[in-house]
$ cat run-v4.txt   # compact mmCIF, C-alpha atoms and all ligand atoms
# COMPACT_ATOMS: atom_id res chain seq x y z
CA MET A 1 0.00 0.00 0.00
CA HIS A 2 1.19 3.53 -0.73
CA THR A 3 1.42 5.69 2.36
CA GLY A 4 1.35 9.39 3.15
CA ILE A 5 1.71 11.79 0.25
CA ALA A 6 1.96 9.00 -2.35
CA LEU A 7 -1.37 7.59 -1.17
CA LYS A 8 -3.07 10.96 -1.29
CA HIS A 9 -1.61 11.59 -4.74
CA HIS A 10 -2.93 8.23 -5.94
CA TRP A 11 -6.48 9.00 -4.82
CA GLU A 12 -6.51 12.59 -6.06
CA LYS A 13 -5.43 11.25 -9.47
CA VAL A 14 -8.15 8.60 -9.41
CA TYR A 15 -10.81 11.24 -8.78
CA SER A 16 -9.38 13.66 -11.36
CA LYS A 17 -9.85 10.91 -13.97
CA THR A 18 -13.25 9.78 -12.84
CA LEU A 19 -15.01 13.11 -12.39
CA SER A 20 -16.80 12.65 -15.70
CA GLY A 21 -17.65 8.99 -15.08
CA LYS A 22 -18.06 6.78 -12.05
CA PRO A 23 -15.29 4.70 -10.43
CA GLY A 24 -15.52 0.90 -10.30
CA TRP A 25 -16.76 0.70 -6.71
CA TYR A 26 -19.48 3.29 -7.19
CA THR A 27 -23.03 2.31 -6.51
CA PRO A 28 -25.90 4.80 -6.36
CA HIS A 29 -26.85 4.06 -2.74
CA LEU A 30 -25.06 1.95 -0.14
CA GLN A 31 -28.17 -0.11 0.48
CA ALA A 32 -26.58 -2.91 2.53
CA SER A 33 -25.25 -0.41 5.08
CA LEU A 34 -28.31 1.87 5.03
CA CYS A 35 -30.60 -1.04 5.69
CA TRP A 36 -28.62 -2.19 8.74
CA ILE A 37 -28.35 1.35 10.09
CA ASN A 38 -32.09 1.79 9.72
CA GLU A 39 -32.65 -1.40 11.71
CA LEU A 40 -30.38 -0.16 14.51
CA ASP A 41 -32.88 2.57 15.23
CA MET A 42 -30.21 4.86 16.72
CA PRO A 43 -31.14 8.37 17.84
CA PHE A 44 -30.72 10.94 15.06
CA TYR A 45 -28.02 12.77 17.04
CA ALA A 46 -25.85 9.62 17.39
CA PRO A 47 -22.41 10.50 15.98
CA ILE A 48 -21.61 8.53 12.81
CA ILE A 49 -18.36 8.56 10.85
CA ASP A 50 -17.97 7.36 7.27
CA VAL A 51 -14.34 6.48 6.69
CA GLY A 52 -13.25 6.92 3.07
CA CYS A 53 -16.58 8.25 1.87
CA GLY A 54 -15.40 8.70 -1.74
CA ILE A 55 -18.17 10.18 -3.85
CA SER A 56 -20.89 7.96 -2.45
CA THR A 57 -24.33 9.30 -1.58
CA PHE A 58 -24.07 7.85 1.93
CA ALA A 59 -24.00 11.26 3.68
CA GLU A 60 -27.01 12.50 1.66
CA ASP A 61 -28.92 9.33 2.36
CA LEU A 62 -28.24 9.53 6.11
CA LEU A 63 -29.24 13.20 6.16
CA ASP A 64 -32.44 12.33 4.32
CA ALA A 65 -33.10 9.61 6.90
CA GLY A 66 -32.80 12.25 9.65
CA TYR A 67 -29.30 11.73 11.07
CA ARG A 68 -27.70 14.98 12.14
CA SER A 69 -24.29 14.15 13.58
CA LEU A 70 -22.37 12.99 10.55
CA THR A 71 -18.64 13.11 9.89
CA VAL A 72 -17.29 12.12 6.51
CA LEU A 73 -13.62 11.57 6.02
CA ASP A 74 -11.55 10.97 2.94
CA ILE A 75 -7.92 11.31 1.98
CA SER A 76 -9.02 12.94 -1.28
CA GLY A 77 -10.05 16.59 -1.24
CA ARG A 78 -11.50 16.07 -4.72
CA ALA A 79 -13.85 13.35 -3.51
CA LEU A 80 -15.00 15.51 -0.60
CA ALA A 81 -15.51 18.50 -2.90
CA THR A 82 -17.73 16.39 -5.17
CA VAL A 83 -19.97 15.33 -2.29
CA LYS A 84 -20.10 18.89 -0.91
CA THR A 85 -21.18 20.25 -4.29
CA ARG A 86 -23.92 17.66 -4.58
CA LEU A 87 -25.16 18.48 -1.08
CA GLY A 88 -25.34 22.22 -1.72
CA ARG A 89 -26.64 24.09 1.32
CA LYS A 90 -27.01 20.85 3.27
CA LYS A 91 -23.20 20.56 3.38
CA SER A 92 -23.18 22.68 6.54
CA LEU A 93 -24.95 19.81 8.34
CA VAL A 94 -21.90 17.57 7.93
CA THR A 95 -18.41 17.63 9.47
CA TRP A 96 -15.78 17.23 6.73
CA LEU A 97 -12.36 15.76 7.36
CA GLU A 98 -9.67 15.49 4.72
CA GLY A 99 -6.98 13.10 5.91
CA ASP A 100 -5.53 9.63 6.13
CA ILE A 101 -7.46 7.46 8.57
CA ALA A 102 -4.13 6.00 9.71
CA SER A 103 -2.92 9.34 11.06
CA VAL A 104 -5.84 11.79 11.35
CA ASP A 105 -6.80 13.11 14.79
CA LEU A 106 -10.28 11.99 15.87
CA PRO A 107 -12.16 12.53 19.14
CA GLN A 108 -11.80 9.76 21.70
CA HIS A 109 -14.65 7.27 22.20
CA TYR A 110 -17.02 9.63 20.47
CA TYR A 111 -18.69 7.82 17.56
CA GLU A 112 -21.66 5.52 17.91
CA LEU A 113 -21.11 4.07 14.44
CA TRP A 114 -18.02 3.65 12.28
CA HIS A 115 -18.80 2.90 8.64
CA ASP A 116 -16.23 1.79 6.09
CA ARG A 117 -17.01 0.44 2.65
CA ALA A 118 -13.88 -0.54 0.74
CA VAL A 119 -11.12 1.18 2.74
CA PHE A 120 -9.95 -1.34 5.35
CA HIS A 121 -9.22 -3.88 2.62
CA TYR A 122 -6.31 -1.66 1.47
CA PHE A 123 -4.63 -2.20 4.84
CA THR A 124 -2.86 -5.35 3.73
CA THR A 125 -0.06 -5.85 6.27
CA GLU A 126 -0.45 -6.79 9.92
CA GLU A 127 1.16 -3.50 10.92
CA GLN A 128 -1.30 -1.47 8.83
CA GLN A 129 -4.25 -3.46 10.17
CA GLN A 130 -3.03 -2.84 13.71
CA THR A 131 -2.84 0.93 13.05
CA TYR A 132 -6.41 0.88 11.71
CA ARG A 133 -7.65 -1.15 14.69
CA GLU A 134 -6.01 1.22 17.17
CA LYS A 135 -7.64 4.23 15.49
CA LEU A 136 -11.00 2.49 15.52
CA LEU A 137 -10.71 1.49 19.19
CA ASN A 138 -9.62 4.96 20.21
CA THR A 139 -12.51 6.57 18.38
CA LEU A 140 -15.55 4.32 18.69
CA LYS A 141 -17.58 4.29 21.92
CA PRO A 142 -17.75 1.04 23.89
CA GLY A 143 -21.04 -0.53 22.77
CA GLY A 144 -20.75 1.29 19.42
CA HIS A 145 -21.25 -0.30 16.00
CA LEU A 146 -18.84 -1.09 13.19
CA ILE A 147 -20.07 -1.72 9.65
CA LEU A 148 -17.26 -2.92 7.47
CA GLY A 149 -17.49 -3.67 3.74
CA THR A 150 -14.51 -5.33 2.10
CA PHE A 151 -13.82 -7.38 -0.99
CA ALA A 152 -14.75 -11.03 -0.39
CA HIS A 153 -12.75 -14.00 -1.69
CA GLY A 154 -13.40 -14.26 -5.40
CA ALA A 155 -13.25 -10.48 -5.90
CA PRO A 156 -10.23 -9.13 -7.81
CA PRO A 157 -6.89 -8.82 -5.97
CA LYS A 158 -6.77 -5.09 -6.70
CA CYS A 159 -9.19 -2.23 -6.31
CA SER A 160 -8.45 1.05 -8.05
CA GLY A 161 -5.01 -0.27 -9.01
CA LEU A 162 -3.97 -0.97 -5.39
CA PRO A 163 -3.61 -4.44 -3.85
CA VAL A 164 -6.35 -5.40 -1.42
CA LYS A 165 -6.94 -8.16 1.09
CA ARG A 166 -10.07 -10.25 0.59
CA TYR A 167 -11.93 -11.66 3.54
CA THR A 168 -14.39 -14.15 4.93
CA GLU A 169 -16.43 -13.19 7.98
CA THR A 170 -14.34 -15.62 10.04
CA GLU A 171 -11.16 -13.87 9.00
CA LEU A 172 -12.58 -10.46 9.91
CA GLU A 173 -13.86 -11.88 13.17
CA SER A 174 -10.39 -13.10 14.04
CA LEU A 175 -9.03 -9.58 13.44
CA PHE A 176 -11.73 -7.72 15.41
CA GLY A 177 -13.28 -10.43 17.59
CA GLU A 178 -11.39 -9.64 20.77
CA GLU A 179 -13.14 -6.29 21.20
CA PHE A 180 -16.17 -6.82 18.94
CA VAL A 181 -19.03 -9.27 18.56
CA LEU A 182 -20.01 -10.15 15.00
CA LEU A 183 -23.78 -9.57 14.86
CA ARG A 184 -24.40 -10.33 11.19
CA HIS A 185 -22.78 -10.51 7.80
CA ARG A 186 -23.76 -10.78 4.17
CA ARG A 187 -22.14 -11.11 0.82
CA GLN A 188 -23.30 -8.78 -1.92
CA ARG A 189 -22.45 -8.89 -5.59
CA HIS A 190 -21.57 -5.42 -6.78
CA VAL A 191 -21.74 -4.69 -10.50
CA THR A 192 -19.23 -2.01 -11.48
CA PRO A 193 -20.38 0.84 -13.73
CA GLY A 194 -18.38 -1.04 -16.44
CA GLY A 195 -20.55 -4.16 -15.95
CA LYS A 196 -18.16 -6.45 -14.02
CA GLY A 197 -19.33 -8.42 -10.98
CA GLN A 198 -17.37 -8.14 -7.71
CA MET A 199 -18.23 -9.91 -4.48
CA TYR A 200 -18.26 -7.77 -1.33
CA LEU A 201 -18.55 -8.91 2.26
CA PHE A 202 -20.37 -6.72 4.80
CA CYS A 203 -19.95 -7.36 8.50
CA HIS A 204 -21.79 -5.68 11.35
CA PHE A 205 -19.88 -5.78 14.63
CA GLN A 206 -20.76 -4.32 18.01
CA ARG A 207 -17.99 -3.24 20.34
CA ARG A 208 -18.06 -4.95 23.72
CA GLU A 209 -18.87 -2.59 26.62
C1 LIG A 301 -12.78 2.19 -3.02
S1 LIG A 301 -13.17 3.81 -2.52
C2 LIG A 301 -14.70 3.60 -1.63
C3 LIG A 301 -15.48 4.88 -1.50
C4 LIG A 301 -16.80 4.78 -0.74
N1 LIG A 301 -16.63 4.26 0.59
C5 LIG A 301 -17.82 3.96 -1.49
O1 LIG A 301 -18.14 2.85 -1.05
O2 LIG A 301 -18.29 4.40 -2.53
C6 LIG A 301 -12.01 4.10 -1.23
C7 LIG A 301 -12.06 5.52 -0.71
O3 LIG A 301 -11.27 5.63 0.46
C8 LIG A 301 -10.39 6.72 0.36
N2 LIG A 301 -9.18 6.28 1.09
C9 LIG A 301 -8.30 5.34 0.71
N3 LIG A 301 -7.36 5.18 1.64
C10 LIG A 301 -7.67 6.04 2.65
C11 LIG A 301 -7.08 6.34 3.89
N4 LIG A 301 -5.97 5.71 4.31
N5 LIG A 301 -7.66 7.29 4.66
C12 LIG A 301 -8.79 7.92 4.25
N6 LIG A 301 -9.39 7.69 3.08
C13 LIG A 301 -8.84 6.75 2.28
C14 LIG A 301 -10.19 6.96 -1.12
O4 LIG A 301 -9.88 8.31 -1.43
C15 LIG A 301 -11.54 6.56 -1.68
O5 LIG A 301 -12.41 7.63 -1.73
$ encode --input "run-v4.txt" --output "C-alpha cells" --more "lines below"
Ligand SMILES: C[S@@+](CC[C@H](N)C(=O)[O-])C[C@H]1O[C@@H](n2cnc3c(N)ncnc32)[C@H](O)[C@@H]1O
Amino acid sequence: MHTGIALKHHWEKVYSKTLSGKPGWYTPHLQASLCWINELDMPFYAPIIDVGCGISTFAEDLLDAGYRSLTVLDISGRALATVKTRLGRKKSLVTWLEGDIASVDLPQHYYELWHDRAVFHYFTTEEQQQTYREKLLNTLKPGGHLILGTFAHGAPPKCSGLPVKRYTETELESLFGEEFVLLRHRRQRHVTPGGKGQMYLFCHFQRRE
C-alpha cells in the first residue's frame, strides 16, 4: 500500500480521472449499510463517521433519513468537494475531514457508528491493520457499531489499481473479535459501472462494553 503523500496523490489522481464517469466501486446508494443502520434505530443525534466516503451518496442518504451528527472523512479533497457540491446548502450539516485514517486526529470514544465500505481492505499488512484497529478502538464508543465492507474472496486482488486483502467473515472476526461481537454478515455482488461483478462482504460488529 502507498502511504502518506503518495497515497493521497494516488487518490486525487483517481478522482481527477473519474469526475466525468463513475469509479468501479461506485453504486448509487449503499443499500446494505443503510438497511442495517435503519434497523439499529439509533437516535438521530448519534455521531456517525464514514471512513473513506469517496463520492458515495451515503451522507445525503443519512441526512435524508434524519441523522444529524455525521462526519465524513476521505484522503481525497476532490472526492469531498464532489460530495459537498452535490449536497449544496445541506453541506453545513456535515463535518468534513480530509486526511488519512491511519494518522488523522479523531475525538476519543465519540462515535456511535463507524462505517467503512472498501477502505480497510487496502490495509494489507499486519502492521497497517493494527494501526487501523487502534484508530478504531480509540474513536468508537464502547457498545458502538462497526459496519465494514470489504472485498470477499473471489473479488479481484486489486481495487483502483492498489492491492487489497479479501476476507471471509471468520477472518474479519479473528481480526476484530477480541473487542467486537459479530452480529451479522452478508455477501453482496456489486456490478461495477463497467458491468463487471465483484463480491463484497459486509460485517456488522458491536464493540463490547
Ligand atoms: C474504493 S473507494 C470507496 C469509497 C466509498 N466508501 C464507497 O463505497 O463508494 C475508497 C475511498 O477511500 C479513500 N481512502 C483510501 N485510503 C484512505 C485512507 N488511508 N484514509 C482515508 N481515506 C482513504 C479513497 O480516497 C476513496 O475515496
$ residues_near_ligand --input "run-v4.txt" --ligand "ligand LIG 301 (chain A)" --cutoff "7 Å" --atoms "only C-alpha atoms and all ligand atoms" --output "PyMOL selection string"
chain A and resi 11+25-27+51-56+73-76+79+99-102+116-119+122+159-160
$ closest_residue --input "run-v4.txt" --among "A:Phe58, A:Tyr110, A:Gly161, A:Arg187" --to "Ile37 (chain A)" --atoms "only C-alpha atoms"
A:Phe58
$ atom_distance --input "run-v4.txt" --atom1 "CA of His145 (chain A)" --atom2 "CA of Trp114 (chain A)"
6.3 Å
$ residues_around --input "run-v4.txt" --residues "Arg186 (chain A)" --least-positions-apart "4" --cutoff "7 Å" --atoms "only C-alpha atoms" --output "list in words"
Leu201, Phe202 and Cys203 of chain A
$ write_last_selection --input "run-v4.txt" --atoms "C-alpha atoms" --output "PDB file, in the coordinates of the input"
ATOM      1  CA  LEU A 201     -18.550  -8.910   2.260  1.00  0.00           C
ATOM      2  CA  PHE A 202     -20.370  -6.720   4.800  1.00  0.00           C
ATOM      3  CA  CYS A 203     -19.950  -7.360   8.500  1.00  0.00           C
TER       4      CYS A 203
END
$ residues_near_point --input "run-v4.txt" --point "(-5.8, 0.6, 9.0)" --cutoff "12 Å" --atoms "only C-alpha atoms" --output "PyMOL selection string"
chain A and resi 1+3+51-52+100-104+116+118-137+165+175
$ atom_distance --input "run-v4.txt" --atom1 "CA of Arg189 (chain A)" --atom2 "CA of Arg207 (chain A)"
26.9 Å
$ closest_residue --input "run-v4.txt" --among "A:Leu34, A:Gly24, A:Asp64, A:Val181" --to "Pro156 (chain A)" --atoms "all atoms listed in the file"
A:Gly24
$ atom_distance --input "run-v4.txt" --atom1 "CA of Met199 (chain A)" --atom2 "CA of Glu39 (chain A)"
23.3 Å
$ residues_around --input "run-v4.txt" --residues "region 65-70 of chain A" --least-positions-apart "2" --cutoff "12 Å" --atoms "all atoms listed in the file" --output "PyMOL selection string"
chain A and resi 34-35+37-38+41-51+53+58-63+72-73+90-97+110-115
$ axis_aligned_box --input "run-v4.txt" --around "region 175-187 of chain A" --padding-each-side "6 Å" --output "lines of an AutoDock Vina configuration file"
center_x = -16.7
center_y = -8.7
center_z = 11.0
size_x = 27.4
size_y = 16.8
size_z = 32.4
$ closest_residue --input "run-v4.txt" --among "A:Val14, A:Val164, A:Ile147, A:Leu80" --to "Thr57 (chain A)" --atoms "only C-alpha atoms"
A:Leu80
$ decode --input "run-v4.txt" --residues "region 45-82 of chain A" --atoms "N, CA and C atoms" --output "PDB file, in the first residue's frame"
ATOM      1  N   TYR A  45     -29.220  12.007  16.682  1.00  0.00           N
ATOM      2  CA  TYR A  45     -28.022  12.766  17.040  1.00  0.00           C
ATOM      3  C   TYR A  45     -26.819  11.851  17.327  1.00  0.00           C
ATOM      4  N   ALA A  46     -26.978  10.535  17.150  1.00  0.00           N
ATOM      5  CA  ALA A  46     -25.854   9.616  17.389  1.00  0.00           C
ATOM      6  C   ALA A  46     -24.721   9.926  16.398  1.00  0.00           C
ATOM      7  N   PRO A  47     -23.508  10.172  16.899  1.00  0.00           N
ATOM      8  CA  PRO A  47     -22.410  10.501  15.983  1.00  0.00           C
ATOM      9  C   PRO A  47     -22.002   9.307  15.101  1.00  0.00           C
ATOM     10  N   ILE A  48     -21.947   9.573  13.803  1.00  0.00           N
ATOM     11  CA  ILE A  48     -21.608   8.535  12.812  1.00  0.00           C
ATOM     12  C   ILE A  48     -20.415   9.041  11.995  1.00  0.00           C
ATOM     13  N   ILE A  49     -19.461   8.172  11.751  1.00  0.00           N
ATOM     14  CA  ILE A  49     -18.360   8.561  10.849  1.00  0.00           C
ATOM     15  C   ILE A  49     -18.309   7.596   9.676  1.00  0.00           C
ATOM     16  N   ASP A  50     -18.179   8.171   8.469  1.00  0.00           N
ATOM     17  CA  ASP A  50     -17.974   7.360   7.274  1.00  0.00           C
ATOM     18  C   ASP A  50     -16.514   7.532   6.867  1.00  0.00           C
ATOM     19  N   VAL A  51     -15.772   6.446   6.963  1.00  0.00           N
ATOM     20  CA  VAL A  51     -14.337   6.481   6.690  1.00  0.00           C
ATOM     21  C   VAL A  51     -14.101   6.177   5.214  1.00  0.00           C
ATOM     22  N   GLY A  52     -13.485   7.115   4.496  1.00  0.00           N
ATOM     23  CA  GLY A  52     -13.250   6.922   3.066  1.00  0.00           C
ATOM     24  C   GLY A  52     -14.558   6.978   2.296  1.00  0.00           C
ATOM     25  N   CYS A  53     -15.231   8.111   2.441  1.00  0.00           N
ATOM     26  CA  CYS A  53     -16.584   8.250   1.870  1.00  0.00           C
ATOM     27  C   CYS A  53     -16.576   8.235   0.338  1.00  0.00           C
ATOM     28  N   GLY A  54     -15.428   8.622  -0.278  1.00  0.00           N
ATOM     29  CA  GLY A  54     -15.402   8.699  -1.737  1.00  0.00           C
ATOM     30  C   GLY A  54     -16.448   9.674  -2.239  1.00  0.00           C
ATOM     31  N   ILE A  55     -17.115   9.310  -3.315  1.00  0.00           N
ATOM     32  CA  ILE A  55     -18.168  10.183  -3.852  1.00  0.00           C
ATOM     33  C   ILE A  55     -19.538   9.526  -3.670  1.00  0.00           C
ATOM     34  N   SER A  56     -19.614   8.669  -2.658  1.00  0.00           N
ATOM     35  CA  SER A  56     -20.885   7.956  -2.447  1.00  0.00           C
ATOM     36  C   SER A  56     -21.962   8.918  -1.942  1.00  0.00           C
ATOM     37  N   THR A  57     -23.200   8.475  -2.036  1.00  0.00           N
ATOM     38  CA  THR A  57     -24.333   9.296  -1.580  1.00  0.00           C
ATOM     39  C   THR A  57     -24.690   8.996  -0.123  1.00  0.00           C
ATOM     40  N   PHE A  58     -23.789   8.305   0.567  1.00  0.00           N
ATOM     41  CA  PHE A  58     -24.075   7.855   1.931  1.00  0.00           C
ATOM     42  C   PHE A  58     -24.470   9.018   2.841  1.00  0.00           C
ATOM     43  N   ALA A  59     -23.698  10.120   2.796  1.00  0.00           N
ATOM     44  CA  ALA A  59     -24.000  11.264   3.679  1.00  0.00           C
ATOM     45  C   ALA A  59     -25.387  11.825   3.349  1.00  0.00           C
ATOM     46  N   GLU A  60     -25.674  11.997   2.054  1.00  0.00           N
ATOM     47  CA  GLU A  60     -27.005  12.504   1.659  1.00  0.00           C
ATOM     48  C   GLU A  60     -28.107  11.583   2.160  1.00  0.00           C
ATOM     49  N   ASP A  61     -27.883  10.286   1.988  1.00  0.00           N
ATOM     50  CA  ASP A  61     -28.921   9.328   2.362  1.00  0.00           C
ATOM     51  C   ASP A  61     -29.160   9.344   3.872  1.00  0.00           C
ATOM     52  N   LEU A  62     -28.065   9.481   4.651  1.00  0.00           N
ATOM     53  CA  LEU A  62     -28.242   9.530   6.109  1.00  0.00           C
ATOM     54  C   LEU A  62     -28.909  10.839   6.525  1.00  0.00           C
ATOM     55  N   LEU A  63     -28.571  11.927   5.856  1.00  0.00           N
ATOM     56  CA  LEU A  63     -29.243  13.201   6.160  1.00  0.00           C
ATOM     57  C   LEU A  63     -30.732  13.079   5.849  1.00  0.00           C
ATOM     58  N   ASP A  64     -31.027  12.491   4.708  1.00  0.00           N
ATOM     59  CA  ASP A  64     -32.443  12.330   4.321  1.00  0.00           C
ATOM     60  C   ASP A  64     -33.189  11.457   5.334  1.00  0.00           C
ATOM     61  N   ALA A  65     -32.458  10.487   5.911  1.00  0.00           N
ATOM     62  CA  ALA A  65     -33.103   9.608   6.901  1.00  0.00           C
ATOM     63  C   ALA A  65     -33.269  10.310   8.243  1.00  0.00           C
ATOM     64  N   GLY A  66     -32.615  11.467   8.421  1.00  0.00           N
ATOM     65  CA  GLY A  66     -32.800  12.246   9.650  1.00  0.00           C
ATOM     66  C   GLY A  66     -31.565  12.390  10.532  1.00  0.00           C
ATOM     67  N   TYR A  67     -30.492  11.660  10.213  1.00  0.00           N
ATOM     68  CA  TYR A  67     -29.296  11.726  11.070  1.00  0.00           C
ATOM     69  C   TYR A  67     -28.637  13.090  10.958  1.00  0.00           C
ATOM     70  N   ARG A  68     -28.186  13.597  12.104  1.00  0.00           N
ATOM     71  CA  ARG A  68     -27.705  14.982  12.141  1.00  0.00           C
ATOM     72  C   ARG A  68     -26.324  15.127  12.775  1.00  0.00           C
ATOM     73  N   SER A  69     -25.638  14.016  13.005  1.00  0.00           N
ATOM     74  CA  SER A  69     -24.295  14.151  13.580  1.00  0.00           C
ATOM     75  C   SER A  69     -23.320  13.311  12.745  1.00  0.00           C
ATOM     76  N   LEU A  70     -23.137  13.771  11.512  1.00  0.00           N
ATOM     77  CA  LEU A  70     -22.375  12.985  10.548  1.00  0.00           C
ATOM     78  C   LEU A  70     -20.991  13.578  10.316  1.00  0.00           C
ATOM     79  N   THR A  71     -19.995  12.702  10.282  1.00  0.00           N
ATOM     80  CA  THR A  71     -18.643  13.106   9.892  1.00  0.00           C
ATOM     81  C   THR A  71     -18.262  12.257   8.697  1.00  0.00           C
ATOM     82  N   VAL A  72     -17.793  12.913   7.634  1.00  0.00           N
ATOM     83  CA  VAL A  72     -17.292  12.123   6.512  1.00  0.00           C
ATOM     84  C   VAL A  72     -15.829  12.465   6.304  1.00  0.00           C
ATOM     85  N   LEU A  73     -15.062  11.419   6.105  1.00  0.00           N
ATOM     86  CA  LEU A  73     -13.617  11.566   6.017  1.00  0.00           C
ATOM     87  C   LEU A  73     -13.129  10.924   4.729  1.00  0.00           C
ATOM     88  N   ASP A  74     -12.198  11.585   4.084  1.00  0.00           N
ATOM     89  CA  ASP A  74     -11.549  10.965   2.936  1.00  0.00           C
ATOM     90  C   ASP A  74     -10.169  11.584   2.776  1.00  0.00           C
ATOM     91  N   ILE A  75      -9.265  10.803   2.244  1.00  0.00           N
ATOM     92  CA  ILE A  75      -7.916  11.312   1.984  1.00  0.00           C
ATOM     93  C   ILE A  75      -7.928  12.250   0.763  1.00  0.00           C
ATOM     94  N   SER A  76      -8.957  12.138  -0.055  1.00  0.00           N
ATOM     95  CA  SER A  76      -9.019  12.936  -1.285  1.00  0.00           C
ATOM     96  C   SER A  76      -9.905  14.167  -1.107  1.00  0.00           C
ATOM     97  N   GLY A  77      -9.289  15.338  -1.267  1.00  0.00           N
ATOM     98  CA  GLY A  77     -10.046  16.589  -1.242  1.00  0.00           C
ATOM     99  C   GLY A  77     -11.010  16.656  -2.414  1.00  0.00           C
ATOM    100  N   ARG A  78     -10.619  16.061  -3.533  1.00  0.00           N
ATOM    101  CA  ARG A  78     -11.505  16.074  -4.722  1.00  0.00           C
ATOM    102  C   ARG A  78     -12.794  15.312  -4.452  1.00  0.00           C
ATOM    103  N   ALA A  79     -12.654  14.152  -3.814  1.00  0.00           N
ATOM    104  CA  ALA A  79     -13.855  13.353  -3.511  1.00  0.00           C
ATOM    105  C   ALA A  79     -14.768  14.148  -2.583  1.00  0.00           C
ATOM    106  N   LEU A  80     -14.182  14.742  -1.548  1.00  0.00           N
ATOM    107  CA  LEU A  80     -15.003  15.507  -0.604  1.00  0.00           C
ATOM    108  C   LEU A  80     -15.684  16.681  -1.310  1.00  0.00           C
ATOM    109  N   ALA A  81     -14.943  17.342  -2.190  1.00  0.00           N
ATOM    110  CA  ALA A  81     -15.513  18.501  -2.901  1.00  0.00           C
ATOM    111  C   ALA A  81     -16.713  18.069  -3.747  1.00  0.00           C
ATOM    112  N   THR A  82     -16.624  16.882  -4.346  1.00  0.00           N
ATOM    113  CA  THR A  82     -17.733  16.386  -5.172  1.00  0.00           C
ATOM    114  C   THR A  82     -18.998  16.187  -4.328  1.00  0.00           C
TER     115      THR A  82
END
